[in-house]
Amino acid sequence: MKTPISPRIQRTRPGLPAAVVISALLLALTACGAQAPASSTSDAGQATGVPALAVNEAAAKLLPESIKATKVLRVAIPTNEPPTQFYREGTQEMTGTNPDVARLIGETLGVKVEIQVANFDSIIPGLAAGRYDMTVSSMTPTAKRMEVLDFVDYMQMGNSIAVPSGNPLGISSEGSLCGKKVGLLTGSYQLAVNVPATDEDCTAAGNGTIQRSEFQDTRQAISALTSGRLDAVLADSPILDFAASQNPQIEIASKYDFTPVGVGMPKDSGMVKAVSAALDSVIKSDSYLNVLGKYGLDSSAITDARVNFAQ
């Protein structure tokens, strides 16, 4: 079990109240698969709906010359996973905690943020190929990922296990997933780290290993769960917690392993010092707390933007 970071302000996670505020918006998203353009550029203050942040001139000076010249940050983010990232109702604009945090970083650095929509498992290859400058996608820093990326922590979140309403198989913990059909996000921390560790415990106990099914976004996995093709879905808590608050066909059987996620950028990009300095300013601001609170994630706030702290 990993030690969680203490939240900046101790609060209970507001579940349904925050969900109610944006439920109408998200019902439209789950009903259709409208596609956004490859990118969208917007001013951070206007896009986030929270007070604008002043430019941190010292942080901006640390940016690579290429970013200083274009004044644009290309940020890779997946979609279809409210409340962390999704399309704003009736538009082709990305919103959610991750796009909003990306925009706060951009505003602090005095640059525009161009969000590039990408499948989660394509983000690291895209960063390596130079298609993106960084990612804000709830990516957990791991030793393997840190071989090619630098990370700066920006919030914390846990894992949740979603099951059919009534929990017919009595799933109550990670260990309960032995031999079960489980949906996971392709390229996710759960798939790369949690499931292999659980499989070892399953084998040691003489039980079958997890039967994995991979999906490009969690919405697809939830659809497979409600149609009876899966026994459970294992994914980030904010996404599954919100889905359960909106969908009476599923419930949360277990929540655990609260750990940081980080902004990722290529090691050879020269970005990490600028992003670290910017995030130091962002997480001390009211705008940061307002962004998290807007989506019911107050308890995900952190106080220390740690650099390259592997989980």
# chains A, B, ... in the order shown; residues from 1 in each chain; ligands from 1
>>> select_by_dssp(residues="range 64-269 of chain A", states="helix (DSSP H, G or I)", output="number ranges by chain")
A: 65-70, 97-109, 120-128, 145-147, 174-177, 189-204, 218-226, 237-246
>>> closest_atom_pairs(of="range 113-192 of chain A", to="range 102-105 of chain A", cutoff="9 Å", atoms="only C-alpha atoms", output="JSON lines")
{"residue": "A:Val113", "atom": "CA", "partner": "A:Arg103", "partner_atom": "CA", "distance": 5.9}
{"residue": "A:Glu114", "atom": "CA", "partner": "A:Arg103", "partner_atom": "CA", "distance": 8.9}
{"residue": "A:Ile115", "atom": "CA", "partner": "A:Ala102", "partner_atom": "CA", "distance": 8.6}
{"residue": "A:Thr135", "atom": "CA", "partner": "A:Ala102", "partner_atom": "CA", "distance": 8.3}
{"residue": "A:Val136", "atom": "CA", "partner": "A:Ala102", "partner_atom": "CA", "distance": 6.3}
>>> closest_residue(among="A:Asp199, A:Glu107, A:Glu89, A:Glu81", to="Ala278 in chain A", atoms="only C-alpha atoms")
A:Glu107
>>> closest_residue(among="A:Ala244, A:Met157, A:Val193, A:Leu225", to="Ser299 in chain A", atoms="only C-alpha atoms")
A:Met157
>>> atom_distance(atom1="CA of Asn247 in chain A", atom2="CA of Gly90 in chain A")
21.4 Å
>>> residues_around(residues="Phe258 in chain A", least_positions_apart="5", cutoff="7 Å", atoms="only C-alpha atoms", output="list in words")
Pro4, Gln156, Met157, Gly158 and Asn159 of chain A
>>> atom_distance(atom1="CA of Val148 in chain A", atom2="CA of Leu292 in chain A")
28.5 Å
>>> closest_residue(among="A:Val182, A:Val111, A:Val55, A:Leu279", to="Pro164 in chain A", atoms="only C-alpha atoms")
A:Val182
>>> residues_around(residues="Ser188 in chain A", least_positions_apart="4", cutoff="8 Å", atoms="only C-alpha atoms", output="PDB file with N, CA and C atoms, in the first residue's frame")
ATOM      1  N   PHE A 120      -5.006   7.090 -24.354  1.00  0.00           N
ATOM      2  CA  PHE A 120      -4.021   7.087 -23.275  1.00  0.00           C
ATOM      3  C   PHE A 120      -2.752   6.332 -23.654  1.00  0.00           C
ATOM      4  N   ASP A 121      -2.903   5.168 -24.292  1.00  0.00           N
ATOM      5  CA  ASP A 121      -1.725   4.360 -24.592  1.00  0.00           C
ATOM      6  C   ASP A 121      -0.879   4.926 -25.726  1.00  0.00           C
ATOM      7  N   MET A 139      -1.693  10.531 -15.187  1.00  0.00           N
ATOM      8  CA  MET A 139      -0.672   9.507 -15.359  1.00  0.00           C
ATOM      9  C   MET A 139       0.147   9.346 -14.080  1.00  0.00           C
ATOM     10  N   LEU A 184     -10.185  -2.837 -18.017  1.00  0.00           N
ATOM     11  CA  LEU A 184      -9.114  -1.915 -17.662  1.00  0.00           C
ATOM     12  C   LEU A 184      -8.801  -0.996 -18.831  1.00  0.00           C
ATOM     13  N   ALA A 192      -0.815  -1.961 -15.712  1.00  0.00           N
ATOM     14  CA  ALA A 192       0.633  -2.198 -15.704  1.00  0.00           C
ATOM     15  C   ALA A 192       1.172  -2.602 -14.336  1.00  0.00           C
TER      16      ALA A 192
END
>>> residues_around(residues="Gly110 in chain A", least_positions_apart="6", cutoff="9 Å", atoms="only C-alpha atoms", output="MDAnalysis selection string")
chainID A and resid 54:57 60 71
>>> write_last_selection(atoms="all heavy atoms", output="compact mmCIF listing (two decimals), in the first residue's frame")
# COMPACT_ATOMS: atom_id res chain seq x y z
N ALA A 54 -1.76 35.00 -12.42
CA ALA A 54 -0.72 35.87 -12.97
C ALA A 54 0.43 35.03 -13.52
O ALA A 54 0.67 33.90 -13.08
CB ALA A 54 -0.20 36.80 -11.87
N VAL A 55 1.11 35.57 -14.50
CA VAL A 55 2.29 34.89 -15.06
C VAL A 55 3.39 34.86 -14.02
O VAL A 55 3.70 35.88 -13.38
CB VAL A 55 2.78 35.60 -16.33
CG1 VAL A 55 4.08 34.96 -16.84
CG2 VAL A 55 1.71 35.55 -17.41
N ASN A 56 3.98 33.70 -13.81
CA ASN A 56 5.17 33.55 -12.97
C ASN A 56 6.37 33.77 -13.88
O ASN A 56 6.79 32.85 -14.61
CB ASN A 56 5.18 32.16 -12.34
CG ASN A 56 6.37 31.93 -11.43
OD1 ASN A 56 7.45 32.48 -11.64
ND2 ASN A 56 6.19 31.09 -10.42
N GLU A 57 6.90 34.99 -13.87
CA GLU A 57 7.96 35.34 -14.82
C GLU A 57 9.19 34.47 -14.65
O GLU A 57 9.84 34.11 -15.64
CB GLU A 57 8.33 36.82 -14.65
CG GLU A 57 7.19 37.79 -14.95
CD GLU A 57 6.81 37.83 -16.42
OE1 GLU A 57 7.54 37.23 -17.24
OE2 GLU A 57 5.78 38.45 -16.75
N ALA A 60 8.44 31.23 -16.33
CA ALA A 60 8.38 31.40 -17.79
C ALA A 60 9.77 31.48 -18.41
O ALA A 60 10.00 30.99 -19.52
CB ALA A 60 7.58 32.66 -18.13
N LYS A 71 4.96 30.28 -27.95
CA LYS A 71 4.03 30.62 -26.86
C LYS A 71 2.82 29.69 -26.84
O LYS A 71 1.69 30.08 -26.50
CB LYS A 71 3.58 32.08 -26.95
CG LYS A 71 4.70 33.08 -26.68
CD LYS A 71 4.17 34.48 -26.50
CE LYS A 71 5.30 35.45 -26.14
NZ LYS A 71 5.96 35.08 -24.86
>>> atom_distance(atom1="CA of Ala235 in chain A", atom2="CA of Gly126 in chain A")
22.6 Å
>>> closest_residue(among="A:Ile161, A:Ala59, A:Ala76, A:Leu185", to="Gly130 in chain A", atoms="only C-alpha atoms")
A:Ala76
>>> residues_around(residues="Ile171 in chain A", least_positions_apart="5", cutoff="7 Å", atoms="only C-alpha atoms", output="list in words")
Ser176, Leu177 and Ala253 of chain A
>>> closest_residue(among="A:Asp153, A:Asp280, A:Asp286, A:Glu174", to="Lys255 in chain A", atoms="only C-alpha atoms")
A:Glu174
>>> residues_around(residues="Tyr154 in chain A", least_positions_apart="2", cutoff="8 Å", atoms="only C-alpha atoms", output="PDB file with C-alpha atoms, in the first residue's frame")
ATOM      1  CA  VAL A 152       5.724  16.754 -11.613  1.00  0.00           C
ATOM      2  CA  GLN A 156      -3.778  12.608  -6.109  1.00  0.00           C
ATOM      3  CA  PRO A 260      -0.200  11.098  -6.809  1.00  0.00           C
ATOM      4  CA  VAL A 261      -0.466  11.585 -10.545  1.00  0.00           C
ATOM      5  CA  GLY A 262       1.875  13.844 -12.476  1.00  0.00           C
ATOM      6  CA  VAL A 263       2.324  16.080 -15.483  1.00  0.00           C
ATOM      7  CA  LEU A 279       2.945  24.049 -10.511  1.00  0.00           C
ATOM      8  CA  ILE A 283      -1.185  24.477  -6.224  1.00  0.00           C
ATOM      9  CA  ALA A 301      -5.499  18.569  -3.764  1.00  0.00           C
ATOM     10  CA  ILE A 302      -1.806  18.315  -2.887  1.00  0.00           C
ATOM     11  CA  ALA A 305       4.593  19.514  -6.578  1.00  0.00           C
TER      12      ALA A 305
END
>>> closest_residue(among="A:Pro196, A:Pro83, A:Gly296, A:Gly49", to="Thr97 in chain A", atoms="only C-alpha atoms")
A:Pro83
